[in-house]
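K.L.:
Pasting in a structure now, in structure tokens, and then I'll have a few things to ask.
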Amino acid sequence: MAEGGKPMRLWGGRFEGGPADALTRLSVSVQFDWRLAPYDLLASRAHARVLHRAGLLDAAELERMLGALDDLEQACRSGAFRPAVADEDVHTALERGLLERLGSLGGKLRAGRSRNDQVATDLRLYLRDHVRHIVSRLVELETALMSQAEQHAATAAPGMTHLQHAQPVSFGHQLLAHVHAIARDVDRLRDWDRRAAVSPLGAGALAGSSLPLDPQAVAAELGFDSAAANSMDAVADRDFAAEFLFCAAMIGVHLSRLGEEIVLWASQEFRWIEMDDAYSTGSSIMPQKKNPDVAELARGKSGRLIGGLTALLTTLKGLPLTYNRDLQEDKEPVFDAVDTLLLVLPAVSGLVATMRVNTARLEASAPDGFALATDLAELLVRRGVPFRDAHEAVGHLVVWCQVNDTILERLTEADLAKISPHFAEAGAEALAVLNVQGALAARKAHGGTAPDRVRDQLVALRETVDGQAAWASGS
Ligand code: ARG
């Protein structure tokens with residue numbers, strides 16, 4: 001509450017009565033937008049300097065203003081200054097803090113700016129900062145996946161389509177497939193950052209200011225690439241928030257896929273990995289259980305990330321220019337997405353970094369389900385047989401194996417010769433392709449699962465990820 005116990009509002013001048021309680025409760029956003037305070041203070045400092053350069057604050061006033069802003073920042077950080085119930089939003093609370101420190105001089109800072117350009121600026125500053133934290137956490141996940149991939153570049157595993165055994169792959173290759181997806185997420189955030197680097201400050205309520213301000217100087221001081229070219233667009237645009245939420249939702253979808261795979265891998269049916277105790281949970285009733293809750297929560301959290309994107313797009317649809325109070329609804333989904341990612345990513349990275357891969361089990365099951373059938377068909381193709389005929393011959397062979405309760409790797413040359421003259425002609429060569437390591441090594445073209453290609457991928461990815469880490473830390 002401000003002096004005299006009257007709620008502090010930034011717009012009371014023309015109103016006789018106070019607002020209804022129901023309006024106040026609906027309107028208030030300080031309970032969630034308070035986290036913008038450090039960014040609002042940054043923008044206030046830049047604004048104070050520009051007012052000084054415009055001759056609207058003299059040198060002594062600027063010095064007192066900056067001193068009070070520093071003091072207020074300290075007080076916010078220590079918790080000595082807190083938003084009051086009666087502060088409508090973060091801007092109101094901070095103006096109160098400034099007035100408490102400066103008296104009427106505090107009222108000069110509002111010249112030439114509006115909460116409309118302020119809030120859009122604050123949210124961009126907040127997000128550009130937090131996107132860098134998110135990228136650091138994504139880099140940790142990429143690193144954990146790459147370390148496992150390095151150890152398992154030559155570990156054969158059942159490669160699947162339709163969740164059915166399809167062809168053997170290097171388990172490292174499969175892990176790196178997840179890294180590529182996350183690397184694209186990082187790339188998307190960096191690309192997002194380029195478009196988010198535009199400062200709305202100077203747009204005022206919607207039309208710019210008649211005061212001689214310098215929006216480009218303010219933009220530069222706040223680390224933006226430029227000031228908005230159109231003041232109406234500046235206060236109305238929330239593309240940056242929606243785009244960020246899309247990036248977050250896409251990360252959520254990638255984490256849900258990885259989470260789902262880990263749930264499968266840790267199951268009794270697969271037994272591909274064992275989760276570390278530190279990253280798995282027990283059951284309150286079944287003493288033997290070890291549950292993949294981290295992976296399941298990663299999968300589950302994608303729902304709220306997608307929900308946040310949907311909510312904001314729905315809010316934005318059909319809004320007329322320029323600022324409308326609907327836009328206050330942009331913040332909670334954005335904050336929730338940031339919190340969710342910063343919560344879930346370290347847990348998933350820990351799970352991946354500490355999981356123990358059951359190499360023997362993976363290698364033993366890699367050829368299951370006649371997974372080498374394609375290798376046999378491709379051998380015939382190399383010997384000049386049309387693929388259509390080769391496919392059919394191998395199909396017959398698979399049925400023969402099923403009827404005789406055997407597997408491809410146990411066949412003899414005589415068995416093969418019975419099925420098709422193509423096999424008879426291929427002779428020992430046919431038997432030679434029926435081994436998993438050979439099948440992996442043969443897929444040696446760019447992007448293939450041959451262990452040597454997987455190691456090449458790792459070299460290239462490490463360079464990419466190093467660049468991402470450097471970007472996130474600002475170097
Ligand atoms: N709390 C508001 C928001 O988040 C700040 C801007 C309010 N502007 C206004 N003209 N009522 O959007």
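Each chain in the structure tokens gets a letter, A, B, ..., in the order shown, and its residues are numbered from 1; ligands are numbered from 1 in order too.
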Leaving out Asp40 (chain A) and any residue of its chain fewer than 5 positions from it, which residues lie within 9 Å of it when counting only C-alpha atoms, given as a list in words?

P.N.:
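The neighbour list is Arg45, Val90, His91, Leu94, Gln118, Val119, Thr121, Asp122, Leu123 and Leu125 of chain A.
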
K.L.:
Considering only C-alpha atoms and all ligand atoms, tabulate each residue of chain A that lies at most 8 Å from ligand 1 along with its nearest interatomic pair and the corresponding distance in Å to one decimal; arrange the rows by chain and ascending residue number and present them as JSON lines.

P.N.:
{"residue": "A:Ser27", "atom": "CA", "partner": "ligand 1", "partner_atom_place_in_ligand_line": "1 (N)", "distance": 7.9}
{"residue": "A:Val28", "atom": "CA", "partner": "ligand 1", "partner_atom_place_in_ligand_line": "1 (N)", "distance": 7.4}
{"residue": "A:Ser29", "atom": "CA", "partner": "ligand 1", "partner_atom_place_in_ligand_line": "1 (N)", "distance": 5.8}
{"residue": "A:Val30", "atom": "CA", "partner": "ligand 1", "partner_atom_place_in_ligand_line": "1 (N)", "distance": 7.7}
{"residue": "A:Asp33", "atom": "CA", "partner": "ligand 1", "partner_atom_place_in_ligand_line": "4 (O)", "distance": 7.4}
{"residue": "A:Glu88", "atom": "CA", "partner": "ligand 1", "partner_atom_place_in_ligand_line": "1 (N)", "distance": 7.3}
{"residue": "A:Asp89", "atom": "CA", "partner": "ligand 1", "partner_atom_place_in_ligand_line": "1 (N)", "distance": 5.3}
{"residue": "A:Val90", "atom": "CA", "partner": "ligand 1", "partner_atom_place_in_ligand_line": "1 (N)", "distance": 7.4}
{"residue": "A:His91", "atom": "CA", "partner": "ligand 1", "partner_atom_place_in_ligand_line": "5 (C)", "distance": 7.5}
{"residue": "A:Ser114", "atom": "CA", "partner": "ligand 1", "partner_atom_place_in_ligand_line": "8 (N)", "distance": 7.3}
{"residue": "A:Arg115", "atom": "CA", "partner": "ligand 1", "partner_atom_place_in_ligand_line": "6 (C)", "distance": 4.5}
{"residue": "A:Asn116", "atom": "CA", "partner": "ligand 1", "partner_atom_place_in_ligand_line": "6 (C)", "distance": 4.8}
{"residue": "A:Gln118", "atom": "CA", "partner": "ligand 1", "partner_atom_place_in_ligand_line": "6 (C)", "distance": 7.6}
{"residue": "A:Val119", "atom": "CA", "partner": "ligand 1", "partner_atom_place_in_ligand_line": "5 (C)", "distance": 5.6}
{"residue": "A:Ala120", "atom": "CA", "partner": "ligand 1", "partner_atom_place_in_ligand_line": "12 (O)", "distance": 7.8}
{"residue": "A:Ala205", "atom": "CA", "partner": "ligand 1", "partner_atom_place_in_ligand_line": "10 (N)", "distance": 7.3}
{"residue": "A:Tyr323", "atom": "CA", "partner": "ligand 1", "partner_atom_place_in_ligand_line": "10 (N)", "distance": 7.1}
{"residue": "A:Asn324", "atom": "CA", "partner": "ligand 1", "partner_atom_place_in_ligand_line": "10 (N)", "distance": 7.3}
{"residue": "A:Arg325", "atom": "CA", "partner": "ligand 1", "partner_atom_place_in_ligand_line": "12 (O)", "distance": 5.8}
{"residue": "A:Asp326", "atom": "CA", "partner": "ligand 1", "partner_atom_place_in_ligand_line": "12 (O)", "distance": 7.4}
{"residue": "A:Leu327", "atom": "CA", "partner": "ligand 1", "partner_atom_place_in_ligand_line": "12 (O)", "distance": 5.2}
{"residue": "A:Gln328", "atom": "CA", "partner": "ligand 1", "partner_atom_place_in_ligand_line": "4 (O)", "distance": 3.7}
{"residue": "A:Glu329", "atom": "CA", "partner": "ligand 1", "partner_atom_place_in_ligand_line": "4 (O)", "distance": 7.1}
{"residue": "A:Asp330", "atom": "CA", "partner": "ligand 1", "partner_atom_place_in_ligand_line": "4 (O)", "distance": 7.6}
{"residue": "A:Lys331", "atom": "CA", "partner": "ligand 1", "partner_atom_place_in_ligand_line": "4 (O)", "distance": 7.2}

K.L.:
Those residues with N, CA, C and O atoms, as a short mmCIF file (atom, residue, chain, number, x, y, z; two decimals), in the first residue's frame please?

P.N.:
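The resulting selection05.cif:
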data_model
loop_
_atom_site.label_atom_id
_atom_site.label_comp_id
_atom_site.auth_asym_id
_atom_site.auth_seq_id
_atom_site.Cartn_x
_atom_site.Cartn_y
_atom_site.Cartn_z
N SER A 27 -7.65 -8.01 -12.41
CA SER A 27 -6.66 -7.20 -13.11
C SER A 27 -5.23 -7.46 -12.66
O SER A 27 -4.29 -7.36 -13.45
N VAL A 28 -5.09 -7.81 -11.40
CA VAL A 28 -3.75 -7.86 -10.81
C VAL A 28 -2.89 -8.96 -11.45
O VAL A 28 -3.36 -10.07 -11.68
N SER A 29 -1.64 -8.60 -11.74
CA SER A 29 -0.74 -9.59 -12.34
C SER A 29 0.58 -9.69 -11.59
O SER A 29 1.46 -10.46 -11.95
N VAL A 30 0.69 -8.89 -10.50
CA VAL A 30 2.00 -8.82 -9.86
C VAL A 30 2.43 -10.17 -9.27
O VAL A 30 3.63 -10.45 -9.17
N ASP A 33 3.97 -11.50 -12.51
CA ASP A 33 4.93 -10.74 -13.33
C ASP A 33 6.07 -10.12 -12.50
O ASP A 33 6.96 -9.48 -13.05
N GLU A 88 -0.73 -3.30 -8.71
CA GLU A 88 -1.40 -4.01 -9.79
C GLU A 88 -0.42 -4.93 -10.54
O GLU A 88 -0.72 -6.07 -10.85
N ASP A 89 0.74 -4.38 -10.86
CA ASP A 89 1.71 -5.20 -11.59
C ASP A 89 3.13 -4.79 -11.21
O ASP A 89 3.32 -3.91 -10.36
N VAL A 90 4.09 -5.42 -11.84
CA VAL A 90 5.49 -5.19 -11.50
C VAL A 90 5.88 -3.72 -11.70
O VAL A 90 6.63 -3.14 -10.91
N HIS A 91 5.30 -3.09 -12.74
CA HIS A 91 5.66 -1.69 -13.02
C HIS A 91 5.13 -0.77 -11.92
O HIS A 91 5.81 0.15 -11.51
N SER A 114 5.30 3.96 -21.49
CA SER A 114 4.01 3.43 -21.05
C SER A 114 4.25 2.01 -20.59
O SER A 114 5.24 1.38 -20.99
N ARG A 115 3.33 1.50 -19.80
CA ARG A 115 3.48 0.08 -19.45
C ARG A 115 3.41 -0.80 -20.71
O ARG A 115 3.88 -1.92 -20.70
N ASN A 116 2.80 -0.24 -21.76
CA ASN A 116 2.67 -1.06 -22.98
C ASN A 116 4.02 -1.36 -23.63
O ASN A 116 4.29 -2.50 -24.00
N GLN A 118 6.82 -0.90 -22.01
CA GLN A 118 7.66 -1.44 -20.94
C GLN A 118 7.49 -2.95 -20.80
O GLN A 118 8.48 -3.70 -20.73
N VAL A 119 6.24 -3.40 -20.79
CA VAL A 119 6.02 -4.83 -20.52
C VAL A 119 6.52 -5.68 -21.68
O VAL A 119 7.08 -6.77 -21.49
N ALA A 120 6.37 -5.14 -22.89
CA ALA A 120 6.86 -5.90 -24.05
C ALA A 120 8.39 -5.98 -24.02
O ALA A 120 8.98 -7.02 -24.35
N ALA A 205 2.68 4.36 -25.50
CA ALA A 205 1.43 3.59 -25.46
C ALA A 205 1.21 2.88 -26.78
O ALA A 205 0.81 1.73 -26.84
N TYR A 323 -2.19 -2.40 -28.24
CA TYR A 323 -2.22 -3.10 -26.96
C TYR A 323 -3.65 -3.36 -26.54
O TYR A 323 -4.53 -2.51 -26.67
N ASN A 324 -3.91 -4.56 -26.10
CA ASN A 324 -5.19 -4.93 -25.46
C ASN A 324 -4.83 -5.68 -24.19
O ASN A 324 -3.83 -6.38 -24.15
N ARG A 325 -5.68 -5.56 -23.21
CA ARG A 325 -5.33 -6.17 -21.92
C ARG A 325 -5.23 -7.69 -22.02
O ARG A 325 -4.59 -8.33 -21.17
N ASP A 326 -5.87 -8.25 -23.05
CA ASP A 326 -5.71 -9.70 -23.29
C ASP A 326 -4.23 -10.10 -23.25
O ASP A 326 -3.89 -11.22 -22.88
N LEU A 327 -3.38 -9.16 -23.68
CA LEU A 327 -1.96 -9.48 -23.82
C LEU A 327 -1.30 -9.81 -22.48
O LEU A 327 -0.23 -10.42 -22.45
N GLN A 328 -1.95 -9.42 -21.40
CA GLN A 328 -1.40 -9.78 -20.09
C GLN A 328 -1.36 -11.31 -19.93
O GLN A 328 -0.60 -11.83 -19.10
N GLU A 329 -2.20 -11.99 -20.71
CA GLU A 329 -2.24 -13.46 -20.64
C GLU A 329 -1.02 -14.12 -21.30
O GLU A 329 -0.93 -15.34 -21.35
N ASP A 330 -0.12 -13.31 -21.85
CA ASP A 330 1.06 -13.92 -22.50
C ASP A 330 2.05 -14.49 -21.49
O ASP A 330 2.81 -15.40 -21.80
N LYS A 331 2.03 -13.93 -20.26
CA LYS A 331 3.16 -14.21 -19.38
C LYS A 331 3.14 -15.58 -18.72
O LYS A 331 4.16 -16.27 -18.67
#

K.L.:
Would you mind reading off the distance between CA of Leu176 (chain A) and CA of Leu458 (chain A), one decimal, in Å?

P.N.:
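So the answer is 7.8 Å.
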
K.L.:
Leaving out Ala149 (chain A) and any residue of its chain fewer than 5 positions from it, which residues lie within 7 Å of it when counting only C-alpha atoms, given as a compact mmCIF listing (two decimals) with N, CA and C atoms, in the first residue's frame?

P.N.:
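Contents of the output file around-v9.txt:
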# COMPACT_ATOMS: atom_id res chain seq x y z
N GLY A 172 24.64 -46.36 -30.57
CA GLY A 172 25.13 -44.98 -30.58
C GLY A 172 24.44 -44.14 -31.64
N HIS A 173 24.19 -44.75 -32.78
CA HIS A 173 23.50 -44.06 -33.88
C HIS A 173 22.11 -43.61 -33.43
N LEU A 175 21.13 -43.09 -30.31
CA LEU A 175 21.26 -42.02 -29.32
C LEU A 175 21.55 -40.68 -30.01
N LEU A 176 22.38 -40.73 -31.05
CA LEU A 176 22.72 -39.48 -31.75
C LEU A 176 21.52 -38.93 -32.53

K.L.:
Smallest atom-to-atom distance to Gly107 (chain A): which of A:Leu189, A:Leu211, A:Ala227, A:Leu10, using only C-alpha atoms?

P.N.:
A:Leu10

K.L.:
Dump as a Markdown table the rows for residues of region 348-377 of chain A within 12 Å of region 233-255 of chain A: closest atom pair and distance in Å with one decimal, only C-alpha atoms counted, ordered by chain and rising residue number.

P.N.:
| residue | atom | partner | partner_atom | distance |
| --- | --- | --- | --- | --- |
| A:Val348 | CA | A:Leu255 | CA | 8.3 |
| A:Ser349 | CA | A:Leu255 | CA | 10.5 |
| A:Val352 | CA | A:Leu255 | CA | 11.7 |

K.L.:
Taking 4 positions as the minimum chain separation for residues in the same chain, which residues sit within 9 Å of region 74-81 of chain A when counting only C-alpha atoms? Answer as a PyMOL selection string.

P.N.:
chain A and resi 37-38+69-70+97

K.L.:
Generate the output file for the selected residues, N, CA, C and O atoms, as a PDB file, in the first residue's frame.

P.N.:
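Result file is again_23.pdb:
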ATOM      1  N   ALA A  37      10.917  -8.023 -12.554  1.00  0.00           N
ATOM      2  CA  ALA A  37      11.467  -6.839 -11.882  1.00  0.00           C
ATOM      3  C   ALA A  37      12.914  -6.507 -12.296  1.00  0.00           C
ATOM      4  O   ALA A  37      13.202  -5.348 -12.641  1.00  0.00           O
ATOM      5  N   PRO A  38      13.836  -7.479 -12.310  1.00  0.00           N
ATOM      6  CA  PRO A  38      15.217  -7.099 -12.671  1.00  0.00           C
ATOM      7  C   PRO A  38      15.310  -6.509 -14.075  1.00  0.00           C
ATOM      8  O   PRO A  38      16.140  -5.622 -14.331  1.00  0.00           O
ATOM      9  N   LEU A  69      17.494   3.573  -8.275  1.00  0.00           N
ATOM     10  CA  LEU A  69      17.222   2.320  -9.000  1.00  0.00           C
ATOM     11  C   LEU A  69      18.145   1.206  -8.505  1.00  0.00           C
ATOM     12  O   LEU A  69      17.724   0.057  -8.332  1.00  0.00           O
ATOM     13  N   ASP A  70      19.428   1.562  -8.262  1.00  0.00           N
ATOM     14  CA  ASP A  70      20.367   0.567  -7.713  1.00  0.00           C
ATOM     15  C   ASP A  70      19.899   0.086  -6.348  1.00  0.00           C
ATOM     16  O   ASP A  70      19.902  -1.103  -6.049  1.00  0.00           O
ATOM     17  N   GLY A  97       8.242   1.818  -5.301  1.00  0.00           N
ATOM     18  CA  GLY A  97       9.564   1.737  -4.663  1.00  0.00           C
ATOM     19  C   GLY A  97      10.403   2.968  -4.971  1.00  0.00           C
ATOM     20  O   GLY A  97      11.137   3.475  -4.121  1.00  0.00           O
TER      21      GLY A  97
END

K.L.:
Tell me, as a list in words, which residues lie within 10 Å of Thr374 (chain A), counting only C-alpha atoms; anything in the same chain fewer than 3 positions away does not count.

P.N.:
Ala166, Gln167, Phe370, Ala371, Ala377, Glu378, Leu379, Leu380, Ala390, His391, Val394, Gly395, Val433, Leu434 and Ala439 of chain A

K.L.:
So, with only C-alpha atoms as the atoms that count, which of A:Arg53, A:Arg124, A:His47, A:Arg82 lies closest to Arg195 (chain A)?

P.N.:
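Nearest to Arg195 (chain A): A:Arg124.
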
K.L.:
I'd like to know which residues of region 247-314 of chain A are strand (DSSP E or B) (by DSSP, run on the backbone); could you write them as a PyMOL selection string?

P.N.:
chain A and resi 273-274+281+291

K.L.:
Please determine, counting only C-alpha atoms, which residue among A:Ala442, A:Ala360, A:Ala417, A:Ala430 has the shortest atom-to-atom distance to Arg383 (chain A).

P.N.:
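Of A:Ala442, A:Ala360, A:Ala417, A:Ala430, the one nearest Arg383 (chain A) is A:Ala430, counting only C-alpha atoms.
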
K.L.:
Go through A:Ser256, A:Ser44, A:Ser420, A:Gln457 and flag the residue nearest Gly202 (chain A), using only C-alpha atoms for the distances.

P.N.:
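Under the stated criterion, the closest residue is A:Ser44.
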
K.L.:
Pick out the residues sitting within 10 Å of Met65 (chain A), and hand them over as a PDB file with all heavy atoms, in the first residue's frame; count only C-alpha atoms, and ignore anything fewer than 6 positions along from it in its own chain.

P.N.:
ATOM      1  N   SER A  44      14.545   0.657 -16.942  1.00  0.00           N
ATOM      2  CA  SER A  44      14.370   1.968 -16.305  1.00  0.00           C
ATOM      3  C   SER A  44      15.680   2.753 -16.304  1.00  0.00           C
ATOM      4  O   SER A  44      15.692   3.970 -16.510  1.00  0.00           O
ATOM      5  CB  SER A  44      13.870   1.800 -14.867  1.00  0.00           C
ATOM      6  OG  SER A  44      12.509   1.444 -14.896  1.00  0.00           O
ATOM      7  N   ARG A  45      16.779   2.069 -16.056  1.00  0.00           N
ATOM      8  CA  ARG A  45      18.075   2.754 -16.080  1.00  0.00           C
ATOM      9  C   ARG A  45      18.332   3.354 -17.466  1.00  0.00           C
ATOM     10  O   ARG A  45      18.737   4.510 -17.599  1.00  0.00           O
ATOM     11  CB  ARG A  45      19.205   1.782 -15.752  1.00  0.00           C
ATOM     12  CG  ARG A  45      19.364   1.572 -14.270  1.00  0.00           C
ATOM     13  CD  ARG A  45      20.704   0.897 -13.985  1.00  0.00           C
ATOM     14  NE  ARG A  45      20.592   0.342 -12.658  1.00  0.00           N
ATOM     15  CZ  ARG A  45      20.138  -0.880 -12.387  1.00  0.00           C
ATOM     16  NH1 ARG A  45      19.834  -1.701 -13.371  1.00  0.00           N
ATOM     17  NH2 ARG A  45      20.014  -1.279 -11.150  1.00  0.00           N
ATOM     18  N   ALA A  48      16.135   6.327 -17.979  1.00  0.00           N
ATOM     19  CA  ALA A  48      16.596   7.504 -17.227  1.00  0.00           C
ATOM     20  C   ALA A  48      17.710   8.206 -17.996  1.00  0.00           C
ATOM     21  O   ALA A  48      17.727   9.440 -18.124  1.00  0.00           O
ATOM     22  CB  ALA A  48      17.085   7.082 -15.835  1.00  0.00           C
ATOM     23  N   ARG A  49      18.626   7.436 -18.552  1.00  0.00           N
ATOM     24  CA  ARG A  49      19.748   8.038 -19.293  1.00  0.00           C
ATOM     25  C   ARG A  49      19.253   8.786 -20.529  1.00  0.00           C
ATOM     26  O   ARG A  49      19.740   9.853 -20.873  1.00  0.00           O
ATOM     27  CB  ARG A  49      20.758   6.967 -19.695  1.00  0.00           C
ATOM     28  CG  ARG A  49      21.524   6.442 -18.493  1.00  0.00           C
ATOM     29  CD  ARG A  49      22.802   5.724 -18.896  1.00  0.00           C
ATOM     30  NE  ARG A  49      23.376   5.152 -17.685  1.00  0.00           N
ATOM     31  CZ  ARG A  49      23.135   3.916 -17.274  1.00  0.00           C
ATOM     32  NH1 ARG A  49      22.390   3.093 -17.992  1.00  0.00           N
ATOM     33  NH2 ARG A  49      23.657   3.490 -16.138  1.00  0.00           N
ATOM     34  N   LEU A  57      15.976  15.348 -17.537  1.00  0.00           N
ATOM     35  CA  LEU A  57      16.502  15.124 -16.181  1.00  0.00           C
ATOM     36  C   LEU A  57      17.878  15.784 -16.172  1.00  0.00           C
ATOM     37  O   LEU A  57      18.679  15.535 -17.090  1.00  0.00           O
ATOM     38  CB  LEU A  57      16.719  13.626 -15.900  1.00  0.00           C
ATOM     39  CG  LEU A  57      15.567  12.683 -15.585  1.00  0.00           C
ATOM     40  CD1 LEU A  57      16.128  11.281 -15.326  1.00  0.00           C
ATOM     41  CD2 LEU A  57      14.772  13.163 -14.374  1.00  0.00           C
ATOM     42  N   ALA A  59      21.772  16.533 -14.572  1.00  0.00           N
ATOM     43  CA  ALA A  59      22.788  15.550 -14.166  1.00  0.00           C
ATOM     44  C   ALA A  59      22.574  15.079 -12.729  1.00  0.00           C
ATOM     45  O   ALA A  59      22.700  13.893 -12.428  1.00  0.00           O
ATOM     46  CB  ALA A  59      24.183  16.164 -14.323  1.00  0.00           C
ATOM     47  N   ASP A  71      19.520   1.054  -5.521  1.00  0.00           N
ATOM     48  CA  ASP A  71      19.082   0.721  -4.163  1.00  0.00           C
ATOM     49  C   ASP A  71      17.839  -0.167  -4.207  1.00  0.00           C
ATOM     50  O   ASP A  71      17.730  -1.154  -3.466  1.00  0.00           O
ATOM     51  CB  ASP A  71      18.784   2.026  -3.422  1.00  0.00           C
ATOM     52  CG  ASP A  71      18.424   1.764  -1.974  1.00  0.00           C
ATOM     53  OD1 ASP A  71      19.305   1.255  -1.251  1.00  0.00           O
ATOM     54  OD2 ASP A  71      17.268   2.031  -1.584  1.00  0.00           O
ATOM     55  N   LEU A  98      10.281   3.455  -6.192  1.00  0.00           N
ATOM     56  CA  LEU A  98      11.050   4.621  -6.612  1.00  0.00           C
ATOM     57  C   LEU A  98      10.540   5.878  -5.909  1.00  0.00           C
ATOM     58  O   LEU A  98      11.327   6.712  -5.437  1.00  0.00           O
ATOM     59  CB  LEU A  98      10.921   4.765  -8.129  1.00  0.00           C
ATOM     60  CG  LEU A  98      12.075   5.423  -8.861  1.00  0.00           C
ATOM     61  CD1 LEU A  98      13.391   4.706  -8.587  1.00  0.00           C
ATOM     62  CD2 LEU A  98      11.792   5.431 -10.367  1.00  0.00           C
ATOM     63  N   ARG A 101      11.684   6.183  -2.473  1.00  0.00           N
ATOM     64  CA  ARG A 101      13.086   6.591  -2.351  1.00  0.00           C
ATOM     65  C   ARG A 101      13.329   8.030  -2.793  1.00  0.00           C
ATOM     66  O   ARG A 101      14.244   8.680  -2.301  1.00  0.00           O
ATOM     67  CB  ARG A 101      13.967   5.638  -3.171  1.00  0.00           C
ATOM     68  CG  ARG A 101      14.187   4.334  -2.449  1.00  0.00           C
ATOM     69  CD  ARG A 101      14.619   3.210  -3.363  1.00  0.00           C
ATOM     70  NE  ARG A 101      14.817   2.004  -2.565  1.00  0.00           N
ATOM     71  CZ  ARG A 101      13.814   1.257  -2.085  1.00  0.00           C
ATOM     72  NH1 ARG A 101      12.552   1.584  -2.326  1.00  0.00           N
ATOM     73  NH2 ARG A 101      14.071   0.200  -1.347  1.00  0.00           N
ATOM     74  N   LEU A 102      12.562   8.524  -3.760  1.00  0.00           N
ATOM     75  CA  LEU A 102      12.899   9.801  -4.391  1.00  0.00           C
ATOM     76  C   LEU A 102      11.847  10.884  -4.219  1.00  0.00           C
ATOM     77  O   LEU A 102      12.059  12.027  -4.636  1.00  0.00           O
ATOM     78  CB  LEU A 102      13.086   9.595  -5.902  1.00  0.00           C
ATOM     79  CG  LEU A 102      14.306   8.805  -6.355  1.00  0.00           C
ATOM     80  CD1 LEU A 102      14.247   8.602  -7.857  1.00  0.00           C
ATOM     81  CD2 LEU A 102      15.591   9.526  -5.963  1.00  0.00           C
ATOM     82  N   LEU A 105      10.558  13.304  -7.529  1.00  0.00           N
ATOM     83  CA  LEU A 105      11.482  13.045  -8.646  1.00  0.00           C
ATOM     84  C   LEU A 105      11.201  11.672  -9.282  1.00  0.00           C
ATOM     85  O   LEU A 105      11.323  11.493 -10.498  1.00  0.00           O
ATOM     86  CB  LEU A 105      12.941  13.122  -8.150  1.00  0.00           C
ATOM     87  CG  LEU A 105      14.021  12.696  -9.150  1.00  0.00           C
ATOM     88  CD1 LEU A 105      14.006  13.570 -10.409  1.00  0.00           C
ATOM     89  CD2 LEU A 105      15.410  12.735  -8.507  1.00  0.00           C
ATOM     90  N   GLY A 106      10.777  10.725  -8.434  1.00  0.00           N
ATOM     91  CA  GLY A 106      10.454   9.374  -8.936  1.00  0.00           C
ATOM     92  C   GLY A 106       9.393   9.407 -10.014  1.00  0.00           C
ATOM     93  O   GLY A 106       9.371   8.552 -10.905  1.00  0.00           O
ATOM     94  N   LYS A 108       9.175  11.372 -12.427  1.00  0.00           N
ATOM     95  CA  LYS A 108       9.661  11.846 -13.729  1.00  0.00           C
ATOM     96  C   LYS A 108       9.991  10.715 -14.703  1.00  0.00           C
ATOM     97  O   LYS A 108      10.052  10.923 -15.909  1.00  0.00           O
ATOM     98  CB  LYS A 108      10.918  12.712 -13.538  1.00  0.00           C
ATOM     99  CG  LYS A 108      10.636  14.096 -13.004  1.00  0.00           C
ATOM    100  CD  LYS A 108      11.789  15.038 -13.318  1.00  0.00           C
ATOM    101  CE  LYS A 108      11.360  16.498 -13.059  1.00  0.00           C
ATOM    102  NZ  LYS A 108      12.391  17.445 -13.492  1.00  0.00           N
ATOM    103  N   LEU A 109      10.223   9.530 -14.139  1.00  0.00           N
ATOM    104  CA  LEU A 109      10.715   8.442 -14.995  1.00  0.00           C
ATOM    105  C   LEU A 109       9.649   7.955 -15.976  1.00  0.00           C
ATOM    106  O   LEU A 109       9.955   7.365 -17.008  1.00  0.00           O
ATOM    107  CB  LEU A 109      11.198   7.280 -14.115  1.00  0.00           C
ATOM    108  CG  LEU A 109      12.013   6.206 -14.824  1.00  0.00           C
ATOM    109  CD1 LEU A 109      13.287   6.773 -15.430  1.00  0.00           C
ATOM    110  CD2 LEU A 109      12.372   5.061 -13.868  1.00  0.00           C
TER     111      LEU A 109
END
